[in-house]
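Enquirer: Dropping in target-v3.txt, which is compact mmCIF, C-alpha atoms:
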```txt
# COMPACT_ATOMS: atom_id res chain seq x y z
CA MET A 1 23.03 9.45 -7.26
CA ASP A 2 24.54 6.29 -8.68
CA LEU A 3 21.54 4.34 -9.91
CA SER A 4 23.53 1.87 -12.00
CA LYS A 5 23.20 -1.00 -9.50
CA ILE A 6 19.44 -0.87 -8.92
CA LYS A 7 17.80 -4.31 -9.11
CA MET A 8 14.42 -3.61 -7.49
CA VAL A 9 11.98 -0.69 -7.80
CA VAL A 10 9.22 -0.44 -5.21
CA THR A 11 6.40 2.08 -5.38
CA ASP A 12 3.32 2.87 -3.39
CA MET A 13 0.11 3.31 -5.40
CA ASP A 14 -2.22 6.08 -4.16
CA GLY A 15 -0.54 9.48 -4.08
CA THR A 16 2.58 7.99 -5.67
CA LEU A 17 2.26 5.93 -8.85
CA LEU A 18 -1.41 6.79 -9.29
CA ASN A 19 -2.37 10.36 -10.13
CA SER A 20 -5.21 12.19 -8.41
CA ASN A 21 -7.69 10.46 -10.74
CA HIS A 22 -6.40 7.06 -9.51
CA GLU A 23 -4.80 6.37 -12.90
CA VAL A 24 -1.49 4.82 -13.92
CA SER A 25 0.11 6.76 -16.77
CA ASP A 26 0.88 5.33 -20.20
CA ARG A 27 4.35 6.73 -19.63
CA PHE A 28 4.87 4.34 -16.72
CA PHE A 29 3.89 1.28 -18.75
CA GLU A 30 6.44 2.22 -21.43
CA LEU A 31 9.13 2.61 -18.78
CA PHE A 32 8.15 -0.72 -17.24
CA LYS A 33 8.95 -2.50 -20.51
CA GLU A 34 12.50 -1.17 -20.23
CA LEU A 35 12.78 -2.18 -16.58
CA LYS A 36 11.77 -5.70 -17.54
CA LYS A 37 14.36 -5.84 -20.33
CA ARG A 38 17.01 -4.96 -17.75
CA ASN A 39 15.76 -7.57 -15.26
CA ILE A 40 14.87 -4.91 -12.69
CA LEU A 41 12.10 -6.31 -10.49
CA PHE A 42 9.10 -4.00 -10.09
CA VAL A 43 7.11 -4.13 -6.86
CA ALA A 44 3.72 -2.48 -6.30
CA ALA A 45 3.34 -1.90 -2.55
CA SER A 46 0.15 -0.47 -1.10
CA GLY A 47 -2.51 -0.48 1.56
CA ARG A 48 -4.88 -1.41 -1.25
CA GLN A 49 -6.46 -4.80 -1.73
CA TYR A 50 -4.53 -7.24 -3.94
CA ASN A 51 -7.32 -7.38 -6.53
CA SER A 52 -7.48 -3.59 -6.67
CA ILE A 53 -3.73 -3.31 -7.30
CA ILE A 54 -3.92 -5.93 -10.03
CA ASN A 55 -6.82 -4.10 -11.68
CA LYS A 56 -4.64 -1.00 -11.98
CA LEU A 57 -1.68 -2.97 -13.33
CA HIS A 58 -3.50 -5.77 -15.12
CA SER A 59 -1.43 -5.72 -18.31
CA ILE A 60 1.78 -6.42 -16.36
CA LYS A 61 0.38 -8.50 -13.49
CA ASP A 62 2.40 -11.61 -14.35
CA ASP A 63 5.67 -9.67 -14.40
CA ILE A 64 5.50 -7.88 -11.05
CA LEU A 65 5.55 -8.52 -7.32
CA VAL A 66 2.58 -7.22 -5.31
CA ILE A 67 2.74 -6.23 -1.65
CA ALA A 68 -0.89 -5.62 -0.68
CA GLU A 69 -2.75 -4.64 2.49
CA ASN A 70 0.20 -2.69 3.92
CA GLY A 71 2.49 -5.71 3.78
CA GLY A 72 0.02 -8.26 5.05
CA TYR A 73 -0.13 -10.14 1.74
CA VAL A 74 2.57 -10.66 -0.90
CA VAL A 75 1.89 -12.34 -4.25
CA GLN A 76 3.85 -13.05 -7.43
CA LYS A 77 2.17 -14.64 -10.47
CA ASP A 78 -0.81 -15.58 -8.28
CA GLU A 79 1.49 -17.42 -5.84
CA GLU A 80 1.31 -16.35 -2.20
CA LEU A 81 4.78 -15.55 -0.90
CA LEU A 82 3.85 -14.05 2.47
CA SER A 83 0.76 -13.66 4.61
CA THR A 84 0.59 -11.95 8.01
CA PRO A 85 -2.99 -12.19 9.30
CA LEU A 86 -4.53 -10.39 12.24
CA ASP A 87 -5.48 -12.95 14.89
CA ILE A 88 -9.13 -13.18 15.89
CA LYS A 89 -8.56 -11.96 19.45
CA ASN A 90 -7.00 -8.70 18.30
CA ARG A 91 -9.50 -8.29 15.49
CA LEU A 92 -12.38 -8.40 17.95
CA LYS A 93 -10.49 -6.04 20.26
CA VAL A 94 -10.17 -3.51 17.43
CA LEU A 95 -13.84 -3.81 16.48
CA ASP A 96 -14.85 -3.32 20.12
CA THR A 97 -12.71 -0.17 20.32
CA LEU A 98 -14.27 1.23 17.15
CA LYS A 99 -17.82 0.95 18.52
CA GLY A 100 -17.36 4.23 20.33
CA VAL A 101 -15.84 6.19 17.46
CA PRO A 102 -18.36 8.35 15.55
CA ASN A 103 -18.58 8.93 11.81
CA ILE A 104 -16.24 6.14 10.74
CA HIS A 105 -16.58 3.37 8.18
CA THR A 106 -14.91 0.07 9.01
CA VAL A 107 -13.67 -2.55 6.55
CA LEU A 108 -12.27 -6.00 7.32
CA CYS A 109 -9.66 -6.81 4.68
CA GLY A 110 -9.04 -10.40 3.62
CA LYS A 111 -6.63 -11.72 1.02
CA ARG A 112 -8.96 -11.38 -1.96
CA ASN A 113 -12.13 -9.97 -0.42
CA ALA A 114 -13.21 -7.26 2.02
CA TYR A 115 -16.17 -7.09 4.39
CA LEU A 116 -18.27 -4.17 5.59
CA THR A 117 -21.73 -3.42 6.88
CA ASN A 118 -24.17 -1.42 4.79
CA GLN A 119 -23.23 1.92 6.34
CA SER A 120 -23.83 4.36 3.48
CA ASP A 121 -24.10 4.39 -0.29
CA ARG A 122 -21.63 7.27 -0.38
CA PHE A 123 -18.95 5.21 1.34
CA ILE A 124 -19.62 2.11 -0.74
CA ASP A 125 -19.19 4.14 -3.93
CA LEU A 126 -15.91 5.49 -2.61
CA LEU A 127 -14.72 2.06 -1.48
CA LYS A 128 -14.84 0.81 -5.06
CA GLN A 129 -11.80 3.00 -5.80
CA TYR A 130 -9.72 0.86 -3.41
CA TYR A 131 -11.48 -2.50 -3.12
CA SER A 132 -12.74 -4.21 -6.25
CA GLU A 133 -14.00 -7.24 -4.32
CA PHE A 134 -16.10 -6.77 -1.19
CA GLU A 135 -19.09 -8.21 0.60
CA ILE A 136 -21.73 -6.48 2.72
CA VAL A 137 -22.44 -8.40 5.94
CA ALA A 138 -24.79 -7.93 8.87
CA ASP A 139 -22.12 -8.09 11.59
CA LEU A 140 -18.34 -7.74 11.24
CA ASN A 141 -17.84 -9.74 14.43
CA GLN A 142 -19.31 -12.79 12.69
CA VAL A 143 -16.92 -12.82 9.71
CA ASN A 144 -15.06 -16.15 9.73
CA SER A 145 -12.54 -15.49 6.95
CA GLU A 146 -8.87 -14.85 7.62
CA ILE A 147 -8.39 -11.09 7.99
CA LEU A 148 -5.18 -9.21 7.28
CA LYS A 149 -6.16 -5.70 8.30
CA VAL A 150 -8.90 -3.49 9.70
CA ALA A 151 -9.23 -0.33 7.61
CA ILE A 152 -11.13 2.68 8.97
CA TYR A 153 -12.30 5.58 6.81
CA HIS A 154 -13.33 9.06 7.95
CA PHE A 155 -14.63 11.50 5.36
CA GLU A 156 -12.91 14.50 6.99
CA SER A 157 -9.57 13.46 8.52
CA SER A 158 -8.12 10.16 9.70
CA GLU A 159 -5.32 11.90 11.59
CA GLN A 160 -7.66 14.23 13.47
CA PHE A 161 -10.69 12.06 14.16
CA THR A 162 -9.76 8.36 13.92
CA TYR A 163 -6.15 7.99 14.98
CA PRO A 164 -6.57 9.49 18.50
CA ALA A 165 -9.25 6.89 19.26
CA VAL A 166 -7.06 3.92 18.30
CA LYS A 167 -3.58 5.19 19.11
CA HIS A 168 -3.49 3.19 22.35
CA LEU A 169 -3.62 -0.03 20.30
CA GLU A 170 -0.06 0.65 19.08
CA ASP A 171 1.29 -1.18 22.12
CA ASP A 172 0.21 -4.50 20.57
CA LEU A 173 -0.64 -3.79 16.94
CA LYS A 174 0.51 -1.83 13.91
CA VAL A 175 -1.59 1.31 13.65
CA LYS A 176 -0.96 3.40 10.54
CA ILE A 177 -2.37 6.62 9.15
CA SER A 178 -2.28 5.42 5.57
CA GLY A 179 -3.95 8.37 3.87
CA ALA A 180 -5.79 11.58 4.53
CA ASN A 181 -8.94 9.59 5.32
CA TRP A 182 -7.66 6.11 6.24
CA VAL A 183 -6.24 4.44 9.34
CA ASP A 184 -5.14 0.80 9.06
CA ILE A 185 -4.69 -1.63 11.95
CA SER A 186 -2.88 -4.92 11.51
CA SER A 187 -0.51 -7.45 13.04
CA PRO A 188 2.76 -5.91 14.36
CA ASN A 189 4.77 -7.46 11.52
CA ALA A 190 2.24 -6.58 8.83
CA ASN A 191 3.91 -3.52 7.40
CA ILE A 192 5.36 -2.87 3.97
CA GLY A 193 8.90 -2.57 5.33
CA PHE A 194 8.80 -6.04 6.89
CA ALA A 195 7.35 -7.54 3.72
CA LEU A 196 9.91 -5.74 1.55
CA GLU A 197 12.80 -6.98 3.70
CA LYS A 198 11.57 -10.56 3.27
CA MET A 199 11.37 -10.07 -0.50
CA GLN A 200 14.85 -8.53 -0.62
CA GLU A 201 16.13 -11.65 1.11
CA ARG A 202 14.16 -13.94 -1.18
CA PHE A 203 15.40 -12.31 -4.40
CA GLY A 204 18.92 -11.47 -3.23
CA VAL A 205 18.56 -7.69 -3.47
CA SER A 206 20.46 -5.43 -1.10
CA PHE A 207 19.62 -2.09 0.54
CA GLU A 208 21.91 -0.37 -1.98
CA GLU A 209 20.19 -2.10 -4.91
CA THR A 210 16.67 -0.99 -3.96
CA MET A 211 14.70 2.10 -5.02
CA VAL A 212 11.51 3.03 -3.16
CA PHE A 213 8.80 5.70 -3.67
CA GLY A 214 6.19 6.71 -1.09
CA ASP A 215 3.92 9.48 0.10
CA TYR A 216 2.24 8.56 3.38
CA ASN A 217 2.93 7.15 6.85
CA ASN A 218 2.27 3.54 5.87
CA ASP A 219 5.29 3.87 3.58
CA LEU A 220 7.75 4.88 6.32
CA GLU A 221 9.07 1.39 7.09
CA MET A 222 9.73 0.55 3.45
CA LEU A 223 11.54 3.84 2.86
CA GLY A 224 14.01 2.67 5.48
CA LYS A 225 14.79 -0.45 3.45
CA ALA A 226 16.34 1.37 0.47
CA LYS A 227 19.32 3.63 -0.06
CA TYR A 228 17.40 5.32 -2.87
CA SER A 229 14.21 6.27 -1.05
CA PHE A 230 12.09 8.99 -2.67
CA ALA A 231 9.33 11.11 -1.16
CA MET A 232 6.77 12.55 -3.51
CA ALA A 233 6.42 16.35 -3.47
CA ASN A 234 2.86 15.79 -2.21
CA ALA A 235 4.04 13.53 0.62
CA HIS A 236 3.20 13.74 4.31
CA ALA A 237 5.75 15.70 6.35
CA ASN A 238 6.95 12.49 8.05
CA VAL A 239 7.77 10.94 4.69
CA LEU A 240 9.60 14.04 3.47
CA GLU A 241 11.73 13.88 6.61
CA VAL A 242 12.61 10.18 6.36
CA ALA A 243 13.25 9.79 2.62
CA ASN A 244 16.77 10.31 1.30
CA TYR A 245 15.57 12.00 -1.89
CA LYS A 246 12.57 13.89 -3.24
CA THR A 247 10.78 13.86 -6.57
CA THR A 248 7.89 15.77 -8.11
CA SER A 249 4.25 15.05 -7.26
CA ASN A 250 2.14 12.12 -8.36
CA ASP A 251 0.34 14.49 -10.76
CA ASP A 252 3.69 15.58 -12.23
CA PHE A 253 5.09 12.11 -13.04
CA GLY A 254 7.30 11.98 -9.95
CA VAL A 255 7.95 8.23 -10.21
CA GLU A 256 8.35 8.26 -13.98
CA ARG A 257 10.92 11.07 -13.91
CA ILE A 258 13.19 9.08 -11.62
CA LEU A 259 12.71 5.85 -13.59
CA GLU A 260 13.83 7.69 -16.71
CA GLN A 261 17.04 8.66 -14.89
CA LEU A 262 17.46 5.06 -13.75
CA LEU A 263 17.11 3.67 -17.26
CA LYS A 264 19.73 6.04 -18.62
CA VAL A 265 22.42 4.36 -16.52
CA ASN A 266 21.24 0.75 -16.73
```
Any chance you could give the structure as structure tokens?
Expert:
Amino acid sequence: MDLSKIKMVVTDMDGTLLNSNHEVSDRFFELFKELKKRNILFVAASGRQYNSIINKLHSIKDDILVIAENGGYVVQKDEELLSTPLDIKNRLKVLDTLKGVPNIHTVLCGKRNAYLTNQSDRFIDLLKQYYSEFEIVADLNQVNSEILKVAIYHFESSEQFTYPAVKHLEDDLKVKISGANWVDISSPNANIGFALEKMQERFGVSFEETMVFGDYNNDLEMLGKAKYSFAMANAHANVLEVANYKTTSNDDFGVERILEQLLKVN
């Protein structure tokens, strides 16, 4: 690998930069200081809410680019660079489809806030790991705010129990298994790959100058936007197949190990 020309580093959060305790390592923050010195742009890209990403990376929030909600919302220094909302017609169509799916928990994801009904204390406690700002409402159909994504959680398996029920929506919408328990539904262009391509154009960074890390199916499009695409050792089989390279797991500093190699040649 010739990493000497890298100008942009893009990493997913859960299962990638974050360890299994949902923590960012001190080691990463030290490496980030060196990336900044070398004018290498760091991008946090995730299905997470913008506020949740910023909470994890608060000390460097003014020095990074954030691609939130699976590409539906892109922000730099609190300035919105891209927004790809889900239109109301399709939002209601998704909610109608989900009425018949048992044992799921549905979240409407806005730019800075999320909305859910009071389904269970167990789910609400879990949601706080991913959404730092949310509101409990009586009826999701009555939410008037602009929505970027519908996120659906199943405590056992998103791939086994949720995805089959919404797969038919792929004809018109982006349907992504974004984690072991999550399925996300959004506008066709609301994916991290689309958002990353727009940011590459904006900042003048090429395919060959981009490094990307991912672990799950919502990362597939962005892995295709970089010559140096890395799958985590803990990644989904689809990601392992698509990525050009592999690194160690998120609990074994997989991102940090590659960044150390990058900094040695830059």
Enquirer: Restricting the calculation to all atoms listed in the file, which member of A:Glu79, A:Glu146, A:Glu221, A:Glu133 is positioned closest to Arg91 (chain A)?
Expert: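 Looking only at the distances to Arg91 (chain A), the closest residue turns out to be A:Glu146.
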Enquirer: Env of region 180-194 of chain A: 8 Å cut, atoms = all atoms listed in the file, seq-sep filter 2 positions within chain, self excluded. Answer as a PyMOL selection string.
Expert: chain A and resi 45-46+67+70-72+84-87+94+148-159+162-163+172-178+196-198+218-225
Enquirer: Residues near Leu127 (chain A), anyone? I mean within 12 Å using only C-alpha atoms, not counting same-chain ones fewer than 4 positions away, as a list in words.
Expert: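 My reading of the contact set: Arg48, Gln49, Ser52, His105, Thr106, Val107, Cys109, Ala114, Tyr115, Leu116, Asn118, Gln119, Ser120, Asp121, Arg122, Phe123, Tyr131, Ser132, Glu133, Phe134, Glu135, Ile136, Ala151, Ile152, Tyr153, His154, Phe155, Asn181 and Trp182 of chain A.
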Enquirer: Mind writing the picked residues with C-alpha atoms as a PDB file, in the frame of the given file?
Expert:
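Saved as selection_29.pdb:
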```pdb
ATOM      1  CA  ARG A  48      -4.880  -1.410  -1.250  1.00  0.00           C
ATOM      2  CA  GLN A  49      -6.460  -4.800  -1.730  1.00  0.00           C
ATOM      3  CA  SER A  52      -7.480  -3.590  -6.670  1.00  0.00           C
ATOM      4  CA  HIS A 105     -16.580   3.370   8.180  1.00  0.00           C
ATOM      5  CA  THR A 106     -14.910   0.070   9.010  1.00  0.00           C
ATOM      6  CA  VAL A 107     -13.670  -2.550   6.550  1.00  0.00           C
ATOM      7  CA  CYS A 109      -9.660  -6.810   4.680  1.00  0.00           C
ATOM      8  CA  ALA A 114     -13.210  -7.260   2.020  1.00  0.00           C
ATOM      9  CA  TYR A 115     -16.170  -7.090   4.390  1.00  0.00           C
ATOM     10  CA  LEU A 116     -18.270  -4.170   5.590  1.00  0.00           C
ATOM     11  CA  ASN A 118     -24.170  -1.420   4.790  1.00  0.00           C
ATOM     12  CA  GLN A 119     -23.230   1.920   6.340  1.00  0.00           C
ATOM     13  CA  SER A 120     -23.830   4.360   3.480  1.00  0.00           C
ATOM     14  CA  ASP A 121     -24.100   4.390  -0.290  1.00  0.00           C
ATOM     15  CA  ARG A 122     -21.630   7.270  -0.380  1.00  0.00           C
ATOM     16  CA  PHE A 123     -18.950   5.210   1.340  1.00  0.00           C
ATOM     17  CA  TYR A 131     -11.480  -2.500  -3.120  1.00  0.00           C
ATOM     18  CA  SER A 132     -12.740  -4.210  -6.250  1.00  0.00           C
ATOM     19  CA  GLU A 133     -14.000  -7.240  -4.320  1.00  0.00           C
ATOM     20  CA  PHE A 134     -16.100  -6.770  -1.190  1.00  0.00           C
ATOM     21  CA  GLU A 135     -19.090  -8.210   0.600  1.00  0.00           C
ATOM     22  CA  ILE A 136     -21.730  -6.480   2.720  1.00  0.00           C
ATOM     23  CA  ALA A 151      -9.230  -0.330   7.610  1.00  0.00           C
ATOM     24  CA  ILE A 152     -11.130   2.680   8.970  1.00  0.00           C
ATOM     25  CA  TYR A 153     -12.300   5.580   6.810  1.00  0.00           C
ATOM     26  CA  HIS A 154     -13.330   9.060   7.950  1.00  0.00           C
ATOM     27  CA  PHE A 155     -14.630  11.500   5.360  1.00  0.00           C
ATOM     28  CA  ASN A 181      -8.940   9.590   5.320  1.00  0.00           C
ATOM     29  CA  TRP A 182      -7.660   6.110   6.240  1.00  0.00           C
TER      30      TRP A 182
END
```
Enquirer: Any idea what the distance is between CA of Met8 (chain A) and CA of Gly110 (chain A)?
Expert: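 Between these atoms lies a distance of 26.8 Å.
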Enquirer: Residues within 7 Å of region 241-250 of chain A, please, as a list in words. Count all atoms listed in the file; anything in the same chain fewer than 6 positions from it doesn't count.
Expert: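 Everything that qualifies: Gly15, Thr16, Leu17, Leu18, Asn19, Leu223, Tyr228, Ser229, Phe230, Ala231, Met232, Ala233 and Asn234 of chain A.
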Enquirer: I need the residue nearest Leu57 (chain A) from this list: A:Phe28, A:Glu69, A:Val75, A:Leu82. Use all atoms listed in the file for the distance.
Expert: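 Of A:Phe28, A:Glu69, A:Val75, A:Leu82, the one nearest Leu57 (chain A) is A:Phe28, counting all atoms listed in the file.
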Enquirer: Would you kindly return, as number ranges by chain, each protein, DNA or RNA residue with an atom no farther than 10 Å from any atom of Lys77 (chain A), considering all atoms listed in the file and excluding same-chain residues fewer than 4 positions away?
Expert: A: 61-66, 81
Enquirer: Export, as an mmCIF file, in the frame of the given file, the selected residues with C-alpha atoms.
Expert:
```
data_model
loop_
_atom_site.group_PDB
_atom_site.id
_atom_site.type_symbol
_atom_site.label_atom_id
_atom_site.label_comp_id
_atom_site.auth_asym_id
_atom_site.auth_seq_id
_atom_site.Cartn_x
_atom_site.Cartn_y
_atom_site.Cartn_z
ATOM 1 C CA LYS A 61 0.380 -8.500 -13.490
ATOM 2 C CA ASP A 62 2.400 -11.610 -14.350
ATOM 3 C CA ASP A 63 5.670 -9.670 -14.400
ATOM 4 C CA ILE A 64 5.500 -7.880 -11.050
ATOM 5 C CA LEU A 65 5.550 -8.520 -7.320
ATOM 6 C CA VAL A 66 2.580 -7.220 -5.310
ATOM 7 C CA LEU A 81 4.780 -15.550 -0.900
#
```
Enquirer: Using all atoms listed in the file, pick whichever of A:Asp139, A:Asp252, A:Asp215, A:Glu208 has the shortest atom-to-atom distance to Ala237 (chain A).
Expert: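 Once distances to Ala237 (chain A) are computed over all atoms listed in the file, the minimum belongs to A:Asp215.
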Enquirer: Where atoms are missing, can you supply N, CA, C and O atoms for region 78-95 of chain A and output the lot as a short mmCIF file (atom, residue, chain, number, x, y, z; two decimals), keeping the file's coordinate frame?
Expert:
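Below is the file selection-v7.cif, written as the result:
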```cif
data_model
loop_
_atom_site.label_atom_id
_atom_site.label_comp_id
_atom_site.auth_asym_id
_atom_site.auth_seq_id
_atom_site.Cartn_x
_atom_site.Cartn_y
_atom_site.Cartn_z
N ASP A 78 0.28 -14.91 -8.98
CA ASP A 78 -0.81 -15.58 -8.28
C ASP A 78 -0.33 -16.58 -7.23
O ASP A 78 -1.13 -17.36 -6.69
N GLU A 79 0.96 -16.56 -6.91
CA GLU A 79 1.49 -17.42 -5.84
C GLU A 79 1.70 -16.59 -4.58
O GLU A 79 2.36 -15.55 -4.60
N GLU A 80 1.14 -17.04 -3.48
CA GLU A 80 1.31 -16.35 -2.20
C GLU A 80 2.73 -16.57 -1.68
O GLU A 80 3.17 -17.70 -1.50
N LEU A 81 3.43 -15.47 -1.43
CA LEU A 81 4.78 -15.55 -0.90
C LEU A 81 4.84 -15.22 0.58
O LEU A 81 5.76 -15.65 1.28
N LEU A 82 3.87 -14.45 1.06
CA LEU A 82 3.85 -14.05 2.47
C LEU A 82 2.44 -13.65 2.87
O LEU A 82 1.75 -12.97 2.12
N SER A 83 2.04 -14.07 4.05
CA SER A 83 0.76 -13.66 4.61
C SER A 83 0.93 -13.43 6.10
O SER A 83 1.51 -14.27 6.79
N THR A 84 0.46 -12.28 6.59
CA THR A 84 0.59 -11.95 8.01
C THR A 84 -0.78 -11.54 8.53
O THR A 84 -1.12 -10.35 8.59
N PRO A 85 -1.61 -12.51 8.90
CA PRO A 85 -2.99 -12.19 9.30
C PRO A 85 -3.07 -11.56 10.69
O PRO A 85 -2.14 -11.66 11.50
N LEU A 86 -4.20 -10.94 10.93
CA LEU A 86 -4.53 -10.39 12.24
C LEU A 86 -5.31 -11.45 13.00
O LEU A 86 -6.35 -11.91 12.53
N ASP A 87 -4.81 -11.87 14.16
CA ASP A 87 -5.48 -12.95 14.89
C ASP A 87 -6.87 -12.49 15.37
O ASP A 87 -7.13 -11.30 15.55
N ILE A 88 -7.74 -13.46 15.59
CA ILE A 88 -9.13 -13.18 15.89
C ILE A 88 -9.29 -12.39 17.19
O ILE A 88 -10.14 -11.49 17.29
N LYS A 89 -8.46 -12.67 18.18
CA LYS A 89 -8.56 -11.96 19.45
C LYS A 89 -8.33 -10.46 19.26
O LYS A 89 -9.11 -9.62 19.76
N ASN A 90 -7.29 -10.12 18.53
CA ASN A 90 -7.00 -8.70 18.30
C ASN A 90 -7.99 -8.06 17.34
O ASN A 90 -8.31 -6.88 17.47
N ARG A 91 -8.49 -8.83 16.40
CA ARG A 91 -9.50 -8.29 15.49
C ARG A 91 -10.74 -7.86 16.26
O ARG A 91 -11.26 -6.76 16.07
N LEU A 92 -11.20 -8.72 17.15
CA LEU A 92 -12.38 -8.40 17.95
C LEU A 92 -12.11 -7.23 18.90
O LEU A 92 -12.99 -6.40 19.16
N LYS A 93 -10.88 -7.16 19.39
CA LYS A 93 -10.49 -6.04 20.26
C LYS A 93 -10.57 -4.72 19.50
O LYS A 93 -11.06 -3.70 20.02
N VAL A 94 -10.11 -4.72 18.27
CA VAL A 94 -10.17 -3.51 17.43
C VAL A 94 -11.62 -3.12 17.17
O VAL A 94 -12.02 -1.95 17.31
N LEU A 95 -12.43 -4.09 16.78
CA LEU A 95 -13.84 -3.81 16.48
C LEU A 95 -14.57 -3.27 17.72
O LEU A 95 -15.41 -2.38 17.61
#
```
